[in-house]
file model10.cif (mmCIF, C-alpha atoms)
data_run
loop_
_atom_site.label_atom_id
_atom_site.label_comp_id
_atom_site.auth_asym_id
_atom_site.auth_seq_id
_atom_site.Cartn_x
_atom_site.Cartn_y
_atom_site.Cartn_z
CA MET E 1 0.00 0.00 0.00
CA ALA E 2 0.95 3.51 -0.46
CA GLU E 3 2.76 4.48 2.63
CA LEU E 4 5.40 6.98 3.25
CA ASP E 5 8.78 5.58 3.80
CA THR E 6 9.68 7.07 7.12
CA SER E 7 12.70 4.91 7.72
CA GLY E 8 16.08 6.11 6.93
CA GLY E 9 17.56 9.25 8.17
CA GLY E 10 20.17 9.25 10.80
CA LYS E 11 19.92 5.65 12.01
CA HIS E 12 22.26 4.03 9.59
CA LYS E 13 25.26 5.81 10.60
CA GLY E 14 28.18 4.34 8.84
CA GLY E 15 26.22 1.29 7.76
CA LYS E 16 25.17 0.44 4.28
CA VAL E 17 22.08 2.21 3.03
CA ARG E 18 19.73 -0.53 2.01
CA SER E 19 16.89 0.26 -0.25
CA LYS E 20 13.70 -1.29 1.07
CA LYS E 21 12.01 -3.74 -1.28
CA VAL E 22 8.61 -2.41 -2.10
CA SER E 23 5.96 -4.76 -3.38
CA THR E 24 4.81 -4.03 -6.90
CA ARG E 25 1.22 -4.95 -6.09
CA VAL E 26 -1.20 -2.12 -6.05
CA ASP E 27 -4.38 -2.17 -4.07
CA LEU E 28 -7.13 -2.21 -6.65
CA THR E 29 -10.11 -2.03 -4.32
CA ALA E 30 -10.79 1.64 -4.81
CA MET E 31 -10.40 1.37 -8.57
CA VAL E 32 -12.83 -1.53 -8.78
CA ASP E 33 -15.28 0.34 -6.61
CA LEU E 34 -15.17 3.29 -8.92
CA ALA E 35 -15.46 1.13 -12.02
CA PHE E 36 -18.54 -0.64 -10.74
CA LEU E 37 -20.11 2.62 -9.70
CA LEU E 38 -19.70 3.93 -13.22
CA ILE E 39 -20.99 0.68 -14.71
CA THR E 40 -24.10 0.95 -12.60
CA PHE E 41 -24.58 4.53 -13.68
CA PHE E 42 -24.24 3.77 -17.37
CA MET E 43 -26.44 0.69 -17.15
CA LEU E 44 -29.21 2.64 -15.52
CA THR E 45 -29.04 5.56 -17.91
CA THR E 46 -29.00 3.46 -21.09
CA THR E 47 -32.38 3.49 -22.74
CA LEU E 48 -33.55 0.01 -23.48
CA ASN E 49 -36.92 0.99 -24.84
CA LYS E 50 -35.90 2.25 -28.24
CA PRO E 51 -38.57 3.64 -30.54
CA LYS E 52 -39.74 1.41 -33.34
CA ALA E 53 -40.73 2.27 -36.87
CA MET E 54 -43.88 1.24 -38.62
CA ASP E 55 -43.62 1.47 -42.38
CA LEU E 56 -46.56 2.91 -44.18
CA ALA E 57 -47.06 3.11 -47.91
CA MET E 58 -49.68 5.43 -49.31
CA PRO E 59 -50.96 5.19 -52.87
CA ASP E 60 -49.42 7.66 -55.27
CA LYS E 61 -52.00 10.35 -55.89
CA THR E 62 -50.44 11.59 -59.09
CA VAL E 63 -50.44 8.28 -60.93
CA LYS E 64 -53.82 7.36 -62.31
CA THR E 65 -53.79 3.63 -62.81
CA ASN E 66 -56.77 1.87 -64.19
CA GLN E 67 -58.27 0.32 -61.14
CA LEU E 68 -59.18 -3.31 -61.03
CA PRO E 69 -62.81 -4.08 -60.52
CA VAL E 70 -63.21 -5.43 -57.03
CA ALA E 71 -66.30 -7.06 -55.65
CA ALA E 72 -67.77 -4.86 -52.96
CA THR E 73 -68.39 -7.89 -50.80
CA ARG E 74 -64.64 -8.31 -50.40
CA SER E 75 -64.10 -4.98 -48.78
CA MET E 76 -64.33 -4.21 -45.13
CA THR E 77 -64.55 -0.59 -44.06
CA ILE E 78 -63.37 0.49 -40.64
CA LEU E 79 -64.49 3.89 -39.41
CA LEU E 80 -62.43 5.29 -36.58
CA GLY E 81 -64.54 7.31 -34.17
CA SER E 82 -63.94 9.03 -30.89
CA ASN E 83 -63.52 7.37 -27.47
CA ASN E 84 -61.28 4.65 -28.90
CA LYS E 85 -64.22 3.04 -30.68
CA VAL E 86 -64.49 1.79 -34.21
CA GLU E 87 -67.37 0.99 -36.47
CA TRP E 88 -67.02 -1.47 -39.27
CA TYR E 89 -69.14 -2.87 -42.05
CA MET E 90 -68.70 -5.19 -44.97
CA GLY E 91 -69.40 -4.21 -48.53
CA GLU E 92 -70.91 -0.91 -49.56
CA ALA E 93 -71.93 1.82 -47.17
CA GLY E 94 -75.53 1.74 -45.98
CA LYS E 95 -76.23 -1.74 -47.32
CA SER E 96 -75.17 -3.72 -44.32
CA ALA E 97 -75.61 -2.69 -40.72
CA PRO E 98 -72.40 -1.38 -39.19
CA THR E 99 -71.04 -2.89 -36.01
CA VAL E 100 -69.60 -0.78 -33.21
CA ASP E 101 -66.49 -2.36 -31.80
CA ASN E 102 -63.51 -1.80 -29.57
CA PHE E 103 -59.86 -2.09 -30.39
CA GLY E 104 -57.99 -5.08 -29.11
CA LYS E 105 -58.04 -8.81 -29.11
CA ASP E 106 -61.75 -9.42 -28.73
CA GLY E 107 -62.88 -6.43 -30.72
CA LEU E 108 -61.46 -5.40 -34.04
CA ARG E 109 -58.97 -8.24 -34.28
CA LYS E 110 -61.62 -10.90 -33.92
CA ALA E 111 -63.83 -9.17 -36.49
CA LEU E 112 -60.94 -8.89 -38.94
CA ILE E 113 -60.05 -12.55 -38.65
CA GLU E 114 -63.66 -13.70 -38.97
CA ASN E 115 -64.42 -11.46 -41.92
CA GLY E 116 -61.19 -12.48 -43.60
CA LYS E 117 -62.17 -16.12 -43.33
CA LYS E 118 -65.66 -15.44 -44.65
CA VAL E 119 -64.34 -13.59 -47.67
CA LEU E 120 -61.84 -16.36 -48.31
CA GLU E 121 -64.59 -18.98 -48.30
CA THR E 122 -67.16 -17.15 -50.38
CA HIS E 123 -64.94 -16.00 -53.23
CA ALA E 124 -63.09 -17.85 -55.96
CA ALA E 125 -59.41 -18.56 -55.72
CA PRO E 126 -56.93 -15.90 -56.82
CA ASN E 127 -59.00 -12.89 -55.85
CA ASN E 128 -60.31 -13.96 -52.50
CA PHE E 129 -58.36 -11.86 -50.06
CA MET E 130 -60.07 -9.20 -48.04
CA ILE E 131 -59.47 -5.53 -48.73
CA VAL E 132 -59.66 -3.26 -45.73
CA LEU E 133 -60.35 0.45 -45.93
CA ILE E 134 -59.41 2.45 -42.87
CA LYS E 135 -61.33 5.69 -42.63
CA PRO E 136 -60.23 7.85 -39.74
CA SER E 137 -62.75 10.53 -38.81
CA ASP E 138 -61.69 13.98 -37.64
CA LYS E 139 -62.45 12.98 -34.07
CA SER E 140 -60.22 9.94 -33.98
CA ASN E 141 -56.75 10.29 -32.60
CA TYR E 142 -53.39 9.20 -33.88
CA GLU E 143 -53.14 6.29 -31.47
CA ASN E 144 -56.30 4.81 -32.98
CA LEU E 145 -54.83 5.05 -36.46
CA VAL E 146 -51.63 3.34 -35.38
CA ALA E 147 -53.61 0.68 -33.53
CA ALA E 148 -55.75 0.02 -36.61
CA LEU E 149 -52.65 -0.25 -38.82
CA ASP E 150 -51.08 -2.53 -36.26
CA GLU E 151 -54.11 -4.82 -36.36
CA MET E 152 -53.59 -5.11 -40.12
CA SER E 153 -50.16 -6.58 -39.61
CA ILE E 154 -51.26 -8.75 -36.69
CA THR E 155 -54.17 -10.28 -38.62
CA ASN E 156 -52.09 -10.48 -41.76
CA VAL E 157 -54.31 -8.35 -43.98
CA GLN E 158 -52.39 -7.93 -47.20
CA SER E 159 -54.20 -5.05 -48.81
CA TYR E 160 -55.37 -2.10 -46.85
CA ALA E 161 -55.49 1.62 -47.35
CA ILE E 162 -56.18 4.81 -45.46
CA VAL E 163 -59.06 6.51 -47.19
CA ASP E 164 -60.84 9.80 -46.55
CA ILE E 165 -64.12 9.50 -44.75
CA THR E 166 -67.38 10.44 -46.55
CA PRO E 167 -70.03 12.74 -45.01
CA MET E 168 -72.45 9.83 -45.01
CA GLU E 169 -70.12 7.81 -42.83
CA VAL E 170 -69.60 10.75 -40.51
CA ASP E 171 -73.38 10.84 -40.06
CA GLU E 172 -73.30 7.16 -39.25
CA LEU E 173 -70.68 7.77 -36.56
CA LYS E 174 -72.73 10.67 -35.19
CA LYS E 175 -75.72 8.36 -34.90
CA GLN E 176 -73.69 6.08 -32.67
CA HIS E 177 -72.35 9.00 -30.63
CA LEU E 178 -68.83 8.33 -31.80
CA TYR E 179 -68.19 11.76 -33.22
CA GLN E 180 -67.67 13.99 -30.24
CA MET O 1 3.31 -34.71 18.53
CA PRO O 2 4.12 -31.43 16.98
CA ARG O 3 1.39 -28.91 16.75
CA VAL O 4 -0.03 -28.29 13.34
CA LYS O 5 0.83 -24.83 12.40
CA VAL O 6 -1.94 -22.89 10.77
CA THR O 7 -0.41 -20.58 8.31
CA ARG O 8 -2.01 -17.18 8.37
CA LYS O 9 -3.17 -16.22 4.95
CA SER O 10 -3.51 -12.71 3.80
CA THR O 11 -7.08 -11.52 3.44
CA ALA O 12 -6.27 -9.39 0.43
CA ILE O 13 -7.66 -10.83 -2.79
CA ASP O 14 -6.16 -10.38 -6.17
CA MET O 15 -8.48 -7.93 -7.84
CA THR O 16 -6.73 -7.66 -11.18
CA ALA O 17 -9.22 -9.89 -13.00
CA MET O 18 -12.20 -8.22 -11.44
CA CYS O 19 -10.82 -4.85 -12.35
CA ASP O 20 -10.31 -5.97 -15.92
CA VAL O 21 -13.87 -7.15 -16.25
CA ALA O 22 -15.25 -4.06 -14.62
CA PHE O 23 -13.42 -1.77 -16.97
CA LEU O 24 -14.33 -3.86 -19.99
CA LEU O 25 -18.00 -3.51 -19.11
CA LEU O 26 -17.55 0.14 -18.38
CA THR O 27 -15.99 0.73 -21.78
CA PHE O 28 -18.85 -1.12 -23.43
CA PHE O 29 -21.51 0.92 -21.70
CA ILE O 30 -19.77 4.20 -22.35
CA LEU O 31 -19.41 3.42 -26.04
CA THR O 32 -22.99 2.27 -26.48
CA ALA O 33 -24.47 5.14 -24.51
CA LYS O 34 -26.03 7.86 -26.58
CA PRO O 35 -26.42 11.32 -25.23
CA LYS O 36 -30.04 12.09 -24.63
CA VAL O 37 -31.24 14.84 -26.90
CA ASP O 38 -33.25 17.55 -25.36
CA ASP O 39 -36.71 17.02 -26.76
CA PRO O 40 -38.93 20.09 -26.71
CA THR O 41 -41.84 18.27 -28.36
CA LYS O 42 -43.07 16.20 -25.43
CA ALA O 43 -44.75 13.83 -27.83
CA GLU O 44 -45.85 10.54 -26.34
CA VAL O 45 -45.68 7.97 -29.09
CA PRO O 46 -48.38 5.32 -29.41
CA PRO O 47 -47.69 1.62 -28.84
CA SER O 48 -47.64 -1.04 -31.54
CA SER O 49 -46.37 -4.56 -31.98
CA LYS O 50 -43.71 -3.58 -34.52
CA GLU O 51 -40.13 -4.45 -33.71
CA GLN O 52 -38.33 -2.73 -36.51
CA PRO O 53 -35.86 -0.19 -35.15
CA VAL O 54 -35.77 3.39 -36.33
CA PRO O 55 -32.77 4.06 -38.56
CA ASP O 56 -30.09 6.16 -36.91
CA ASP O 57 -28.94 8.23 -39.82
CA ASN O 58 -30.27 9.46 -43.11
CA VAL O 59 -33.65 10.13 -41.60
CA ALA O 60 -35.81 13.22 -41.19
CA MET O 61 -38.49 13.29 -38.59
CA VAL O 62 -41.64 15.34 -38.38
CA THR O 63 -42.83 15.44 -34.80
CA ILE O 64 -46.36 16.44 -33.99
CA GLY O 65 -46.34 17.51 -30.40
CA SER O 66 -49.28 17.53 -28.09
CA ASP O 67 -50.90 20.81 -27.40
CA ALA O 68 -54.55 21.04 -26.54
CA ALA O 69 -55.18 24.32 -28.30
CA LYS O 70 -52.98 24.06 -31.37
CA PRO O 71 -50.84 21.17 -32.53
CA LYS O 72 -47.20 22.06 -32.88
CA VAL O 73 -45.06 20.59 -35.58
CA PHE O 74 -41.34 20.10 -35.06
CA TYR O 75 -38.76 19.03 -37.56
CA SER O 76 -35.48 17.22 -37.13
CA VAL O 77 -33.01 15.82 -39.62
CA SER O 78 -30.04 13.61 -38.86
CA GLY O 79 -26.50 14.72 -39.62
CA SER O 80 -25.08 18.14 -38.79
CA ASP O 81 -23.74 18.60 -42.33
CA ILE O 82 -27.23 18.14 -43.77
CA ARG O 83 -28.62 20.54 -41.21
CA THR O 84 -26.10 23.20 -42.14
CA GLU O 85 -26.78 22.84 -45.85
CA THR O 86 -30.53 22.86 -45.25
CA LEU O 87 -30.41 26.08 -43.27
CA LYS O 88 -28.24 27.74 -45.90
CA ALA O 89 -30.72 26.84 -48.63
CA MET O 90 -33.69 27.84 -46.50
CA GLY O 91 -32.04 31.17 -45.69
CA GLU O 92 -31.66 31.90 -49.37
CA LYS O 93 -35.24 30.90 -50.07
CA TYR O 94 -36.71 33.11 -47.37
CA ASN O 95 -34.12 35.92 -47.67
CA VAL O 96 -32.87 35.45 -44.14
CA PRO O 97 -29.07 35.68 -44.11
CA PHE O 98 -27.57 33.44 -41.43
CA THR O 99 -24.16 34.08 -39.97
CA PRO O 100 -21.61 31.22 -39.74
CA ASP O 101 -22.13 31.32 -35.99
CA GLU O 102 -25.85 30.72 -36.39
CA LEU O 103 -25.23 27.94 -38.88
CA GLU O 104 -22.97 26.28 -36.36
CA ARG O 105 -25.60 26.53 -33.67
CA PHE O 106 -28.24 25.14 -35.95
CA ALA O 107 -25.99 22.20 -36.80
CA VAL O 108 -26.15 21.03 -33.20
CA THR O 109 -29.84 21.71 -32.75
CA GLU O 110 -31.49 18.30 -32.99
CA VAL O 111 -35.13 19.28 -32.95
CA PHE O 112 -36.68 22.64 -33.63
CA GLY O 113 -40.13 24.03 -34.09
CA VAL O 114 -39.74 27.67 -34.95
CA PRO O 115 -41.13 29.48 -37.98
CA MET O 116 -38.63 30.95 -40.42
CA SER O 117 -39.42 34.51 -39.30
CA GLN O 118 -38.34 33.76 -35.72
CA LEU O 119 -35.56 31.29 -36.41
CA LYS O 120 -32.79 33.88 -36.51
CA SER O 121 -33.70 35.36 -33.14
CA TYR O 122 -34.15 31.86 -31.76
CA LEU O 123 -30.64 30.88 -32.80
CA ASP O 124 -29.22 34.08 -31.32
CA MET O 125 -30.46 33.20 -27.86
CA ASP O 126 -28.13 31.54 -25.42
CA PRO O 127 -28.70 27.84 -24.66
CA GLU O 128 -30.51 28.45 -21.38
CA GLN O 129 -32.97 30.84 -22.95
CA ARG O 130 -33.56 28.47 -25.83
CA LYS O 131 -34.50 25.69 -23.46
CA SER O 132 -37.21 27.71 -21.79
CA TYR O 133 -38.43 29.37 -24.97
CA PRO O 134 -41.87 28.08 -25.95
CA GLN O 135 -41.41 27.01 -29.53
CA PRO O 136 -44.49 27.88 -31.56
CA GLY O 137 -44.08 25.09 -34.11
CA ILE O 138 -43.48 25.17 -37.84
CA PRO O 139 -46.43 26.45 -39.90
CA ILE O 140 -48.05 23.63 -41.83
CA ASP O 141 -51.20 25.22 -43.21
CA THR O 142 -51.33 24.28 -46.84
CA THR O 143 -50.77 27.55 -48.58
CA SER O 144 -48.54 27.97 -51.61
CA ASN O 145 -45.47 28.57 -49.48
CA ASN O 146 -45.64 25.77 -46.95
CA GLU O 147 -42.72 26.02 -44.54
CA LEU O 148 -42.65 22.40 -43.43
CA SER O 149 -42.80 21.29 -47.02
CA ASN O 150 -39.86 23.55 -47.86
CA TRP O 151 -37.82 22.25 -44.93
CA ILE O 152 -38.35 18.68 -46.05
CA LEU O 153 -37.60 19.50 -49.65
CA THR O 154 -34.39 21.39 -48.93
CA SER O 155 -33.08 18.75 -46.56
CA ARG O 156 -33.83 16.06 -49.11
CA LYS O 157 -31.91 18.04 -51.69
CA ALA O 158 -29.03 18.55 -49.24
CA ASP O 159 -28.87 14.84 -48.46
CA LYS O 160 -28.87 13.99 -52.14
CA ALA O 161 -26.10 16.49 -52.84
CA LEU O 162 -23.93 15.57 -49.86
CA HIS O 163 -24.36 11.83 -49.55
CA ASP O 164 -26.24 10.81 -52.69
CA LYS O 165 -28.88 9.14 -50.58
CA ASP O 166 -32.63 9.39 -50.44
CA LEU O 167 -33.71 10.85 -47.14
CA GLN O 168 -36.17 8.70 -45.28
CA LEU O 169 -39.12 10.36 -43.64
CA ALA O 170 -40.68 9.45 -40.35
CA ILE O 171 -43.68 10.83 -38.53
CA LYS O 172 -43.61 10.89 -34.77
CA GLY O 173 -47.00 11.84 -33.47
CA ASP O 174 -48.42 12.24 -30.04
CA ARG O 175 -50.90 9.52 -29.34
CA LYS O 176 -53.64 11.94 -28.34
CA GLU O 177 -53.32 14.06 -31.44
CA TYR O 178 -56.43 14.23 -33.62
CA TYR O 179 -56.32 12.84 -37.11
CA PRO O 180 -56.69 16.05 -39.22
CA VAL O 181 -53.18 17.22 -38.32
CA ILE O 182 -51.72 13.84 -39.21
CA LYS O 183 -53.62 14.00 -42.45
CA THR O 184 -52.18 17.42 -43.25
CA VAL O 185 -48.64 16.20 -42.62
CA ILE O 186 -49.18 13.06 -44.71
CA GLY O 187 -50.61 15.33 -47.39
CA ILE O 188 -47.44 17.44 -47.36
CA LEU O 189 -45.30 14.33 -47.73
CA GLN O 190 -47.45 13.03 -50.55
CA GLY O 191 -47.24 16.42 -52.20
CA GLN O 192 -43.52 15.69 -52.63
CA LYS O 193 -44.22 12.20 -53.85
CA ILE O 194 -43.07 10.63 -50.62
CA ASN O 195 -45.46 7.75 -50.49
CA LYS O 196 -43.45 5.52 -48.20
CA PHE O 197 -42.60 6.69 -44.74
CA SER O 198 -42.45 5.39 -41.21
CA LEU O 199 -44.57 6.03 -38.19
CA ILE O 200 -42.64 6.03 -34.94
CA THR O 201 -44.09 3.81 -32.24
CA VAL O 202 -42.91 2.09 -29.10
CA LEU O 203 -43.16 -1.59 -28.46
CA ALA O 204 -46.40 -2.38 -26.67
CA LYS O 205 -45.97 -3.95 -23.29
CA ALA O 206 -47.45 -7.46 -23.09
CA PRO O 207 -50.84 -8.06 -24.72
CA ARG O 208 -52.75 -4.87 -25.09
CA THR O 209 -55.69 -4.58 -22.78
CA ARG O 210 -58.07 -2.15 -24.25
#
call {"tool": "encode", "arguments": {"input": "model10.cif", "output": "structure tokens"}}
result
Amino acid sequence: MAELDTSGGGKHKGGKVRSKKVSTRVDLTAMVDLAFLLITFFMLTTTLNKPKAMDLAMPDKTVKTNQLPVAATRSMTILLGSNNKVEWYMGEAGKSAPTVDNFGKDGLRKALIENGKKVLETHAAPNNFMIVLIKPSDKSNYENLVAALDEMSITNVQSYAIVDITPMEVDELKKQHLYQ
Amino acid sequence: MPRVKVTRKSTAIDMTAMCDVAFLLLTFFILTAKPKVDDPTKAEVPPSSKEQPVPDDNVAMVTIGSDAAKPKVFYSVSGSDIRTETLKAMGEKYNVPFTPDELERFAVTEVFGVPMSQLKSYLDMDPEQRKSYPQPGIPIDTTSNNELSNWILTSRKADKALHDKDLQLAIKGDRKEYYPVIKTVIGILQGQKINKFSLITVLAKAPRTR
């Protein structure tokens, strides 16, 4: 350990001056203490919850492609309302009664899976996947939109799009008190 | 019978190995640590089940912060060289001459939400003042001279010129933000033919219970 060499001085009168053998070992305790303190600090300050990215592709507005005729029965429309509620219907607006639903496992996800299966069974082979139209209303928030898009990837819906809502559908949401 | 002599051992342990390990770990954590950027947006991102990480460079981010009265839009672009070039080009476009000192300050500003008319005075403030300054957000109303649109366009041009890369766009929105603002921002991106972009989310904890 680091100690002052207090020997020496006047004692060795005449005798040989012997240099004391000092051990080369250093006491590392303090250094290790410090190192672990810093490790703890850096471990605690490192952010583990890094943000994730969700890729979103929107249709090109400028390119006018000739659209393929799609059976209306294959499309499912999801209207995003207020209070974290959704309303969905199959086919064309007004022809089938819309269902009010929640987000989550037993709500929208269940409906998406069931409707997907139905469409798959009732249509002929290559064109039998479901097309989902997400229509966020002005009263829905961003979290709802992300949740709806997330459901698309969870339930493996291949073709979906974010579409502007029509006044008729806004009226429908108002009727269900989902436009506040 | 002779007595068994118990040799007294030293209680000091050899700590060389422990010290080595400790410093190795310390080096690792120091190198992986990223300085936390001061985020004036206070946007709380929504959860999703996506596990794709956000790219670190070559990305521009439009942040829509939460404000009950008026949504504020912030803009950030990665890379100080791109930021410098972007500000130079924007200064020319809006006839606001920036001094080299201001350019330097802007290069280290990660996120900002100040309209072009106030940007110069914002950059002239000292760091403490800037922190407490309530940033009004970048104007996004879709008039002919949309500021956010110009910021994105100039930084894309700067990235193309400097690195020959296509700048990726990401939208980081507050979860409570209403859809019309998001729609406006998406509209601005689509106006520049950016049809693929990312939405920033955090990984949802366990199964969602909603």
call {"tool": "interface_residues", "arguments": {"input": "model10.cif", "of": "chain O", "to": "chain E", "cutoff": "9 Å", "atoms": "all atoms listed in the file", "output": "PyMOL selection string"}}
result
chain O and resi 12+14-16+18-20+22-23+25-27+29-30+32-34+45-55+170+173-180+182+186+190-191+193-203+207-210
call {"tool": "residues_around", "arguments": {"input": "model10.cif", "residues": "O:Lys88", "least_positions_apart": "3", "cutoff": "9 Å", "atoms": "only C-alpha atoms", "output": "ChimeraX atom specification"}}
result
/O:83-85,91-93,97-98,103
call {"tool": "residues_around", "arguments": {"input": "model10.cif", "residues": "E:Leu79", "least_positions_apart": "2", "cutoff": "12 Å", "atoms": "all atoms listed in the file", "output": "number ranges by chain"}}
result
E: 76-77, 81-82, 84-90, 93, 98-103, 108, 132-140, 144-145, 148, 162-174, 176, 178-179
call {"tool": "write_last_selection", "arguments": {"input": "model10.cif", "atoms": "C-alpha atoms", "output": "short mmCIF file (atom, residue, chain, number, x, y, z; two decimals), in the frame of the given file"}}
result
data_model
loop_
_atom_site.label_atom_id
_atom_site.label_comp_id
_atom_site.auth_asym_id
_atom_site.auth_seq_id
_atom_site.Cartn_x
_atom_site.Cartn_y
_atom_site.Cartn_z
CA MET E 76 -64.33 -4.21 -45.13
CA THR E 77 -64.55 -0.59 -44.06
CA GLY E 81 -64.54 7.31 -34.17
CA SER E 82 -63.94 9.03 -30.89
CA ASN E 84 -61.28 4.65 -28.90
CA LYS E 85 -64.22 3.04 -30.68
CA VAL E 86 -64.49 1.79 -34.21
CA GLU E 87 -67.37 0.99 -36.47
CA TRP E 88 -67.02 -1.47 -39.27
CA TYR E 89 -69.14 -2.87 -42.05
CA MET E 90 -68.70 -5.19 -44.97
CA ALA E 93 -71.93 1.82 -47.17
CA PRO E 98 -72.40 -1.38 -39.19
CA THR E 99 -71.04 -2.89 -36.01
CA VAL E 100 -69.60 -0.78 -33.21
CA ASP E 101 -66.49 -2.36 -31.80
CA ASN E 102 -63.51 -1.80 -29.57
CA PHE E 103 -59.86 -2.09 -30.39
CA LEU E 108 -61.46 -5.40 -34.04
CA VAL E 132 -59.66 -3.26 -45.73
CA LEU E 133 -60.35 0.45 -45.93
CA ILE E 134 -59.41 2.45 -42.87
CA LYS E 135 -61.33 5.69 -42.63
CA PRO E 136 -60.23 7.85 -39.74
CA SER E 137 -62.75 10.53 -38.81
CA ASP E 138 -61.69 13.98 -37.64
CA LYS E 139 -62.45 12.98 -34.07
CA SER E 140 -60.22 9.94 -33.98
CA ASN E 144 -56.30 4.81 -32.98
CA LEU E 145 -54.83 5.05 -36.46
CA ALA E 148 -55.75 0.02 -36.61
CA ILE E 162 -56.18 4.81 -45.46
CA VAL E 163 -59.06 6.51 -47.19
CA ASP E 164 -60.84 9.80 -46.55
CA ILE E 165 -64.12 9.50 -44.75
CA THR E 166 -67.38 10.44 -46.55
CA PRO E 167 -70.03 12.74 -45.01
CA MET E 168 -72.45 9.83 -45.01
CA GLU E 169 -70.12 7.81 -42.83
CA VAL E 170 -69.60 10.75 -40.51
CA ASP E 171 -73.38 10.84 -40.06
CA GLU E 172 -73.30 7.16 -39.25
CA LEU E 173 -70.68 7.77 -36.56
CA LYS E 174 -72.73 10.67 -35.19
CA GLN E 176 -73.69 6.08 -32.67
CA LEU E 178 -68.83 8.33 -31.80
CA TYR E 179 -68.19 11.76 -33.22
#
call {"tool": "residues_near_point", "arguments": {"input": "model10.cif", "point": "(-69.7, -5.2, -51.2)", "cutoff": "9 Å", "atoms": "only C-alpha atoms", "output": "short mmCIF file (atom, residue, chain, number, x, y, z; two decimals) with C-alpha atoms, in the coordinates of the input"}}
result
data_model
loop_
_atom_site.label_atom_id
_atom_site.label_comp_id
_atom_site.auth_asym_id
_atom_site.auth_seq_id
_atom_site.Cartn_x
_atom_site.Cartn_y
_atom_site.Cartn_z
CA VAL E 70 -63.21 -5.43 -57.03
CA ALA E 71 -66.30 -7.06 -55.65
CA ALA E 72 -67.77 -4.86 -52.96
CA THR E 73 -68.39 -7.89 -50.80
CA ARG E 74 -64.64 -8.31 -50.40
CA SER E 75 -64.10 -4.98 -48.78
CA MET E 76 -64.33 -4.21 -45.13
CA MET E 90 -68.70 -5.19 -44.97
CA GLY E 91 -69.40 -4.21 -48.53
CA GLU E 92 -70.91 -0.91 -49.56
CA ALA E 93 -71.93 1.82 -47.17
CA LYS E 95 -76.23 -1.74 -47.32
CA SER E 96 -75.17 -3.72 -44.32
#
call {"tool": "residues_near_point", "arguments": {"input": "model10.cif", "point": "(-31.1, 14.9, -35.2)", "cutoff": "10 Å", "atoms": "all atoms listed in the file", "output": "PDB file with C-alpha atoms, keeping the file's coordinate frame"}}
result
ATOM      1  CA  VAL O  37     -31.240  14.840 -26.900  1.00  0.00           C
ATOM      2  CA  ASP O  56     -30.090   6.160 -36.910  1.00  0.00           C
ATOM      3  CA  ASP O  57     -28.940   8.230 -39.820  1.00  0.00           C
ATOM      4  CA  ASN O  58     -30.270   9.460 -43.110  1.00  0.00           C
ATOM      5  CA  VAL O  59     -33.650  10.130 -41.600  1.00  0.00           C
ATOM      6  CA  ALA O  60     -35.810  13.220 -41.190  1.00  0.00           C
ATOM      7  CA  MET O  61     -38.490  13.290 -38.590  1.00  0.00           C
ATOM      8  CA  TYR O  75     -38.760  19.030 -37.560  1.00  0.00           C
ATOM      9  CA  SER O  76     -35.480  17.220 -37.130  1.00  0.00           C
ATOM     10  CA  VAL O  77     -33.010  15.820 -39.620  1.00  0.00           C
ATOM     11  CA  SER O  78     -30.040  13.610 -38.860  1.00  0.00           C
ATOM     12  CA  GLY O  79     -26.500  14.720 -39.620  1.00  0.00           C
ATOM     13  CA  SER O  80     -25.080  18.140 -38.790  1.00  0.00           C
ATOM     14  CA  ILE O  82     -27.230  18.140 -43.770  1.00  0.00           C
ATOM     15  CA  ARG O  83     -28.620  20.540 -41.210  1.00  0.00           C
ATOM     16  CA  ALA O 107     -25.990  22.200 -36.800  1.00  0.00           C
ATOM     17  CA  VAL O 108     -26.150  21.030 -33.200  1.00  0.00           C
ATOM     18  CA  THR O 109     -29.840  21.710 -32.750  1.00  0.00           C
ATOM     19  CA  GLU O 110     -31.490  18.300 -32.990  1.00  0.00           C
ATOM     20  CA  VAL O 111     -35.130  19.280 -32.950  1.00  0.00           C
ATOM     21  CA  PHE O 112     -36.680  22.640 -33.630  1.00  0.00           C
TER      22      PHE O 112
END
call {"tool": "resolve_selection", "arguments": {"input": "model10.cif", "expression": "the PyMOL selection byres ((chain E and resi 128) around 10)", "output": "mmCIF file with C-alpha atoms, in the frame of the given file"}}
result
data_model
loop_
_atom_site.group_PDB
_atom_site.id
_atom_site.type_symbol
_atom_site.label_atom_id
_atom_site.label_comp_id
_atom_site.auth_asym_id
_atom_site.auth_seq_id
_atom_site.Cartn_x
_atom_site.Cartn_y
_atom_site.Cartn_z
ATOM 1 C CA ALA E 71 -66.300 -7.060 -55.650
ATOM 2 C CA ARG E 74 -64.640 -8.310 -50.400
ATOM 3 C CA GLY E 116 -61.190 -12.480 -43.600
ATOM 4 C CA LYS E 117 -62.170 -16.120 -43.330
ATOM 5 C CA LYS E 118 -65.660 -15.440 -44.650
ATOM 6 C CA VAL E 119 -64.340 -13.590 -47.670
ATOM 7 C CA LEU E 120 -61.840 -16.360 -48.310
ATOM 8 C CA GLU E 121 -64.590 -18.980 -48.300
ATOM 9 C CA THR E 122 -67.160 -17.150 -50.380
ATOM 10 C CA HIS E 123 -64.940 -16.000 -53.230
ATOM 11 C CA ALA E 124 -63.090 -17.850 -55.960
ATOM 12 C CA ALA E 125 -59.410 -18.560 -55.720
ATOM 13 C CA PRO E 126 -56.930 -15.900 -56.820
ATOM 14 C CA ASN E 127 -59.000 -12.890 -55.850
ATOM 15 C CA PHE E 129 -58.360 -11.860 -50.060
ATOM 16 C CA MET E 130 -60.070 -9.200 -48.040
ATOM 17 C CA ILE E 131 -59.470 -5.530 -48.730
#
